[in-house]
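Engineer: Let me begin by handing over the structure; questions about it come next.
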Amino acid sequence: GAGATVKDKIIIGKNCIVGAGAVVVKDVPDNSVVVGNPAKFLKSTTTSSGNHKGWDSTVYYNYENLPPTKSLLSDSWVTKESQRLPLTPQELKLVKDRNQLLLEYIKKGNSILDFGGSLGFSYLSCEDTTLDYHIVETQSICKEGVKLYKGNVKFYSVIPTDLKLDILYVRTALQYAKDWVFTLKQLLENQPKLLIFNHLSAGDIPTFICFQEWQDQQIPYWFINLKEFKEIIGDKYELIREERGDKIETNFKSGFNVKYSVNLVFKNKNNYGQ
């Protein structure tokens with residue numbers, strides 16, 4: 001953009017947009033829009049709907065049959081996430097919109113486990129420092145998160161199973177687990193009072209795995225049979241909310257497509273309200 005400044009030895013990735021008047025002081029990953037002084041990540045240029053280009057149409061039934069692929073644990077992902085902080089007012093509004101389901105249920109002082117919570121964007125959307133907030137993420141994200149929050153938010157690279165939780169919150173991230181069933185069961189060992197699943201890719205389809213395309217990477221991604229998912233949650237929890245989520249555009253073979261994600265909220269029959 002007009003009047004933009006790029007400091008010496010800074011690398012601007014492919015397919016990037018630098019906003020007018022921006023001052024770029026850090027390398028910019030591929031497919032990024034950066035604005036401001038200093039320049040911060042605003043959004044991706046890959047599509048208007050998010051950071052990914054879609055899904056490869058090939059269907060697999062288990063993780064072991066997948067061909068080799070690049071990993072979501074790449075440095076480009078960590079760099080992209082860290083460059084979003086501190087959040088601009090526009091980015092904070094976007095994060096609040098994405099996490100509206102959590103914001104409807106959260107209360108002061110709640111203990112929350114956010115599976116796949118990145119660098120605490122959902123926590124920041126709550127704007128409540130009384131929260132006992134826990135995030136499960138990759139080792140590289142955890143390392144960065146510990147530096148950023150200095151103990152205000154706790155990060156785990158391994159799922160804890162002994163927390164006293166008010167809320168388990170999962171936005172999309174279960175789809176990226178190597179074994180989503182085992183992961184879900186581990187999370188439930190904490191016996192949360194409330195389960196909130198936001199933007200879950202599930203429906204009246206067979207459970208299968210495919211590749212989500214993000215920048216130059218192909219990332220394993222599960223689509224889940226909704227009935228199977230509810231059965232794993234089990235009879236200790238009561239479904240109190242089920243609604244259509246965001247639109248999903250896929251091109252799988254007949255019988256494997258879902259048009260929308262689903263949002264689900266369950267309450268623990270034994271301890272909810274205590």
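Just so we're on the same page: first chain in the structure tokens is A, next is B, and so on; residues restart at 1 for each chain, and ligands are numbered from 1 in the order they show up.
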Which neighbours of segment 250-258 of chain A fall inside 9 Å, counting only C-alpha atoms, when residues of the same chain fewer than 3 positions from it are skipped, and could you give them as a ChimeraX atom specification?

Structural biologist: /A:54-59,201-208,223,247,261

Engineer: Determine, counting only C-alpha atoms, which protein, DNA and RNA residues have an atom within 9 Å of an atom of Leu87 of chain A; residues of the same chain fewer than 3 positions away are not included. Present the result as a PyMOL selection string.

Structural biologist: chain A and resi 40+84+90-92+121+124

Engineer: Which residues are near Val158 of chain A? Cut-off 9 Å, only C-alpha atoms, ignore same chain within fewer than 4 positions. Put them as number ranges by chain.

Structural biologist: A: 136-139

Engineer: Could you turn the residues from that selection into a file that holds N, CA and C atoms, as a PDB file, in the first residue's frame?

Structural biologist:
```
ATOM      1  N   VAL A 136      -4.863 -26.454  25.613  1.00  0.00           N
ATOM      2  CA  VAL A 136      -4.097 -27.587  25.097  1.00  0.00           C
ATOM      3  C   VAL A 136      -3.712 -27.272  23.659  1.00  0.00           C
ATOM      4  N   GLU A 137      -2.408 -27.325  23.387  1.00  0.00           N
ATOM      5  CA  GLU A 137      -1.919 -26.976  22.052  1.00  0.00           C
ATOM      6  C   GLU A 137      -0.649 -27.750  21.719  1.00  0.00           C
ATOM      7  N   THR A 138      -0.102 -27.493  20.551  1.00  0.00           N
ATOM      8  CA  THR A 138       1.155 -28.104  20.155  1.00  0.00           C
ATOM      9  C   THR A 138       2.289 -27.536  21.005  1.00  0.00           C
ATOM     10  N   GLN A 139       3.399 -28.241  21.046  1.00  0.00           N
ATOM     11  CA  GLN A 139       4.534 -27.797  21.849  1.00  0.00           C
ATOM     12  C   GLN A 139       5.026 -26.415  21.428  1.00  0.00           C
TER      13      GLN A 139
END
```

Engineer: Once DSSP has gone over the backbone, tell me which residues of segment 144-221 of chain A are in strand (DSSP E), as number ranges by chain.

Structural biologist: A: 153-156, 167-171, 194-200, 202-203, 208-214, 217-221

Engineer: My list of candidates is A:Glu189, A:Glu243, A:Glu144, A:Asp179. Which is closest to Leu163 of chain A when distances are computed with only C-alpha atoms?

Structural biologist: A:Glu189

Engineer: Could you check the closest approach to Lys96 of chain A for each of A:Asn225, A:Val23, A:Ser118, A:Cys126 and tell me which residue wins, using only C-alpha atoms?

Structural biologist: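 The shortest atom-to-atom distance to Lys96 of chain A comes from A:Cys126.
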
Engineer: Give me the residues near Thr161 of chain A as a compact mmCIF listing (two decimals) with C-alpha atoms, in the first residue's frame, where near means some atom within 7 Å (using only C-alpha atoms) and where sequence neighbours in that chain fewer than 4 positions away do not count.

Structural biologist:
```txt
# COMPACT_ATOMS: atom_id res chain seq x y z
CA GLN A 186 -9.32 -37.96 27.49
CA LEU A 187 -10.92 -34.53 27.60
CA GLU A 189 -11.98 -37.45 32.07
CA ASN A 190 -11.96 -33.95 33.56
```

Engineer: Using only C-alpha atoms, which protein or nucleic acid residues come within 9 Å of Ile196 of chain A? Drop anything in the same chain fewer than 6 positions from it, and give the result as a CSV table (one decimal) with C-alpha atoms, in the first residue's frame.

Structural biologist:
```
chain,number,residue,atom,x,y,z
A,101,LEU,CA,-21.2,-19.6,21.8
A,102,LEU,CA,-18.6,-19.6,24.6
A,105,TYR,CA,-22.2,-19.4,28.8
A,167,ILE,CA,-16.4,-25.7,30.8
A,168,LEU,CA,-14.7,-27.8,28.1
A,169,TYR,CA,-14.5,-25.7,25.0
A,170,VAL,CA,-13.6,-27.1,21.6
A,171,ARG,CA,-13.8,-24.9,18.5
A,263,ASN,CA,-22.8,-26.3,17.4
A,264,LEU,CA,-23.5,-28.5,20.4
A,265,VAL,CA,-23.8,-27.8,24.2
A,266,PHE,CA,-24.1,-30.6,26.8
A,267,LYS,CA,-24.5,-30.3,30.5
```

Engineer: So that I can see what lies close to segment 24-29 of chain A, please list as an MDAnalysis selection string the residues with an atom at most 9 Å from it, counting only C-alpha atoms and leaving out residues fewer than 6 positions away in the same chain.

Structural biologist: chainID A and resid 4:14 16 18 35:41 76:77 79:80 83

Engineer: The selected residues should be written to file as an mmCIF file, in the first residue's frame (atoms: N, CA, C and O atoms).

Structural biologist:
```cif
data_model
loop_
_atom_site.group_PDB
_atom_site.id
_atom_site.type_symbol
_atom_site.label_atom_id
_atom_site.label_comp_id
_atom_site.auth_asym_id
_atom_site.auth_seq_id
_atom_site.Cartn_x
_atom_site.Cartn_y
_atom_site.Cartn_z
ATOM 1 N N ALA A 4 3.810 2.530 2.723
ATOM 2 C CA ALA A 4 4.231 1.412 3.574
ATOM 3 C C ALA A 4 5.752 1.388 3.666
ATOM 4 O O ALA A 4 6.461 1.747 2.733
ATOM 5 N N THR A 5 6.257 0.958 4.833
ATOM 6 C CA THR A 5 7.693 0.870 5.071
ATOM 7 C C THR A 5 8.049 -0.549 5.481
ATOM 8 O O THR A 5 7.393 -1.127 6.359
ATOM 9 N N VAL A 6 9.082 -1.110 4.850
ATOM 10 C CA VAL A 6 9.565 -2.442 5.192
ATOM 11 C C VAL A 6 11.004 -2.304 5.681
ATOM 12 O O VAL A 6 11.877 -1.821 4.959
ATOM 13 N N LYS A 7 11.244 -2.693 6.935
ATOM 14 C CA LYS A 7 12.573 -2.566 7.517
ATOM 15 C C LYS A 7 13.568 -3.493 6.825
ATOM 16 O O LYS A 7 13.196 -4.473 6.168
ATOM 17 N N ASP A 8 14.872 -3.173 6.989
ATOM 18 C CA ASP A 8 15.938 -3.956 6.359
ATOM 19 C C ASP A 8 15.869 -5.427 6.751
ATOM 20 O O ASP A 8 15.555 -5.769 7.894
ATOM 21 N N LYS A 9 16.185 -6.295 5.796
ATOM 22 C CA LYS A 9 16.306 -7.747 5.970
ATOM 23 C C LYS A 9 14.979 -8.439 6.302
ATOM 24 O O LYS A 9 14.957 -9.605 6.669
ATOM 25 N N ILE A 10 13.875 -7.719 6.183
ATOM 26 C CA ILE A 10 12.555 -8.316 6.403
ATOM 27 C C ILE A 10 12.118 -9.041 5.136
ATOM 28 O O ILE A 10 12.268 -8.514 4.023
ATOM 29 N N ILE A 11 11.562 -10.246 5.301
ATOM 30 C CA ILE A 11 11.110 -11.051 4.167
ATOM 31 C C ILE A 11 9.588 -11.006 4.069
ATOM 32 O O ILE A 11 8.888 -11.322 5.038
ATOM 33 N N ILE A 12 9.080 -10.590 2.926
ATOM 34 C CA ILE A 12 7.643 -10.596 2.654
ATOM 35 C C ILE A 12 7.341 -11.850 1.842
ATOM 36 O O ILE A 12 7.925 -12.063 0.769
ATOM 37 N N GLY A 13 6.452 -12.706 2.344
ATOM 38 C CA GLY A 13 6.126 -13.961 1.674
ATOM 39 C C GLY A 13 5.365 -13.763 0.375
ATOM 40 O O GLY A 13 5.047 -12.638 -0.036
ATOM 41 N N LYS A 14 5.036 -14.878 -0.265
ATOM 42 C CA LYS A 14 4.295 -14.856 -1.518
ATOM 43 C C LYS A 14 2.825 -14.508 -1.278
ATOM 44 O O LYS A 14 2.255 -14.856 -0.245
ATOM 45 N N CYS A 16 1.165 -11.759 -0.608
ATOM 46 C CA CYS A 16 0.885 -10.949 0.589
ATOM 47 C C CYS A 16 0.401 -9.559 0.204
ATOM 48 O O CYS A 16 0.692 -9.061 -0.889
ATOM 49 N N VAL A 18 0.418 -5.655 1.959
ATOM 50 C CA VAL A 18 0.857 -4.767 3.038
ATOM 51 C C VAL A 18 0.016 -3.502 2.954
ATOM 52 O O VAL A 18 0.005 -2.817 1.913
ATOM 53 N N VAL A 35 -1.388 -4.956 8.422
ATOM 54 C CA VAL A 35 -1.711 -3.530 8.463
ATOM 55 C C VAL A 35 -1.184 -2.935 9.766
ATOM 56 O O VAL A 35 -0.933 -3.650 10.733
ATOM 57 N N GLY A 36 -1.010 -1.609 9.780
ATOM 58 C CA GLY A 36 -0.715 -0.905 11.022
ATOM 59 C C GLY A 36 0.761 -0.627 11.243
ATOM 60 O O GLY A 36 1.624 -0.987 10.453
ATOM 61 N N ASN A 37 1.041 0.048 12.362
ATOM 62 C CA ASN A 37 2.402 0.392 12.766
ATOM 63 C C ASN A 37 2.593 0.053 14.242
ATOM 64 O O ASN A 37 2.052 0.727 15.104
ATOM 65 N N PRO A 38 3.326 -1.039 14.540
ATOM 66 C CA PRO A 38 3.956 -1.963 13.589
ATOM 67 C C PRO A 38 2.914 -2.844 12.911
ATOM 68 O O PRO A 38 1.815 -3.046 13.447
ATOM 69 N N ALA A 39 3.258 -3.373 11.739
ATOM 70 C CA ALA A 39 2.306 -4.170 10.957
ATOM 71 C C ALA A 39 1.943 -5.449 11.688
ATOM 72 O O ALA A 39 2.793 -6.135 12.244
ATOM 73 N N LYS A 40 0.647 -5.765 11.699
ATOM 74 C CA LYS A 40 0.142 -6.987 12.335
ATOM 75 C C LYS A 40 -0.745 -7.738 11.352
ATOM 76 O O LYS A 40 -1.382 -7.142 10.476
ATOM 77 N N PHE A 41 -0.798 -9.070 11.538
ATOM 78 C CA PHE A 41 -1.625 -9.920 10.677
ATOM 79 C C PHE A 41 -3.093 -9.538 10.820
ATOM 80 O O PHE A 41 -3.608 -9.399 11.936
ATOM 81 N N SER A 76 5.465 -21.707 10.035
ATOM 82 C CA SER A 76 4.630 -20.673 9.425
ATOM 83 C C SER A 76 3.326 -20.480 10.191
ATOM 84 O O SER A 76 2.815 -19.364 10.308
ATOM 85 N N TRP A 77 2.781 -21.583 10.735
ATOM 86 C CA TRP A 77 1.541 -21.475 11.507
ATOM 87 C C TRP A 77 1.784 -20.719 12.812
ATOM 88 O O TRP A 77 1.012 -19.824 13.179
ATOM 89 N N THR A 79 4.168 -18.578 13.472
ATOM 90 C CA THR A 79 4.457 -17.183 13.134
ATOM 91 C C THR A 79 3.184 -16.418 12.824
ATOM 92 O O THR A 79 2.990 -15.291 13.294
ATOM 93 N N LYS A 80 2.308 -17.041 12.046
ATOM 94 C CA LYS A 80 1.044 -16.392 11.696
ATOM 95 C C LYS A 80 0.229 -16.065 12.935
ATOM 96 O O LYS A 80 -0.296 -14.952 13.083
ATOM 97 N N GLN A 83 1.794 -13.220 15.174
ATOM 98 C CA GLN A 83 1.737 -11.891 14.582
ATOM 99 C C GLN A 83 0.377 -11.227 14.741
ATOM 100 O O GLN A 83 0.242 -10.025 14.505
#
```

Engineer: Grab the atom CA of Leu194 of chain A to atom CA of Ala177 of chain A distance for me, in Å with one decimal place.

Structural biologist: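 These atoms are spaced 21.0 Å apart.
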
Engineer: Among segment 23-225 of chain A, which ones does DSSP assign to helix (DSSP H, G or I) (computed from the backbone)? Answer as a PyMOL selection string.

Structural biologist: chain A and resi 63-65+75-82+89-98+100-105+121-126+139-149+173-176+180-188
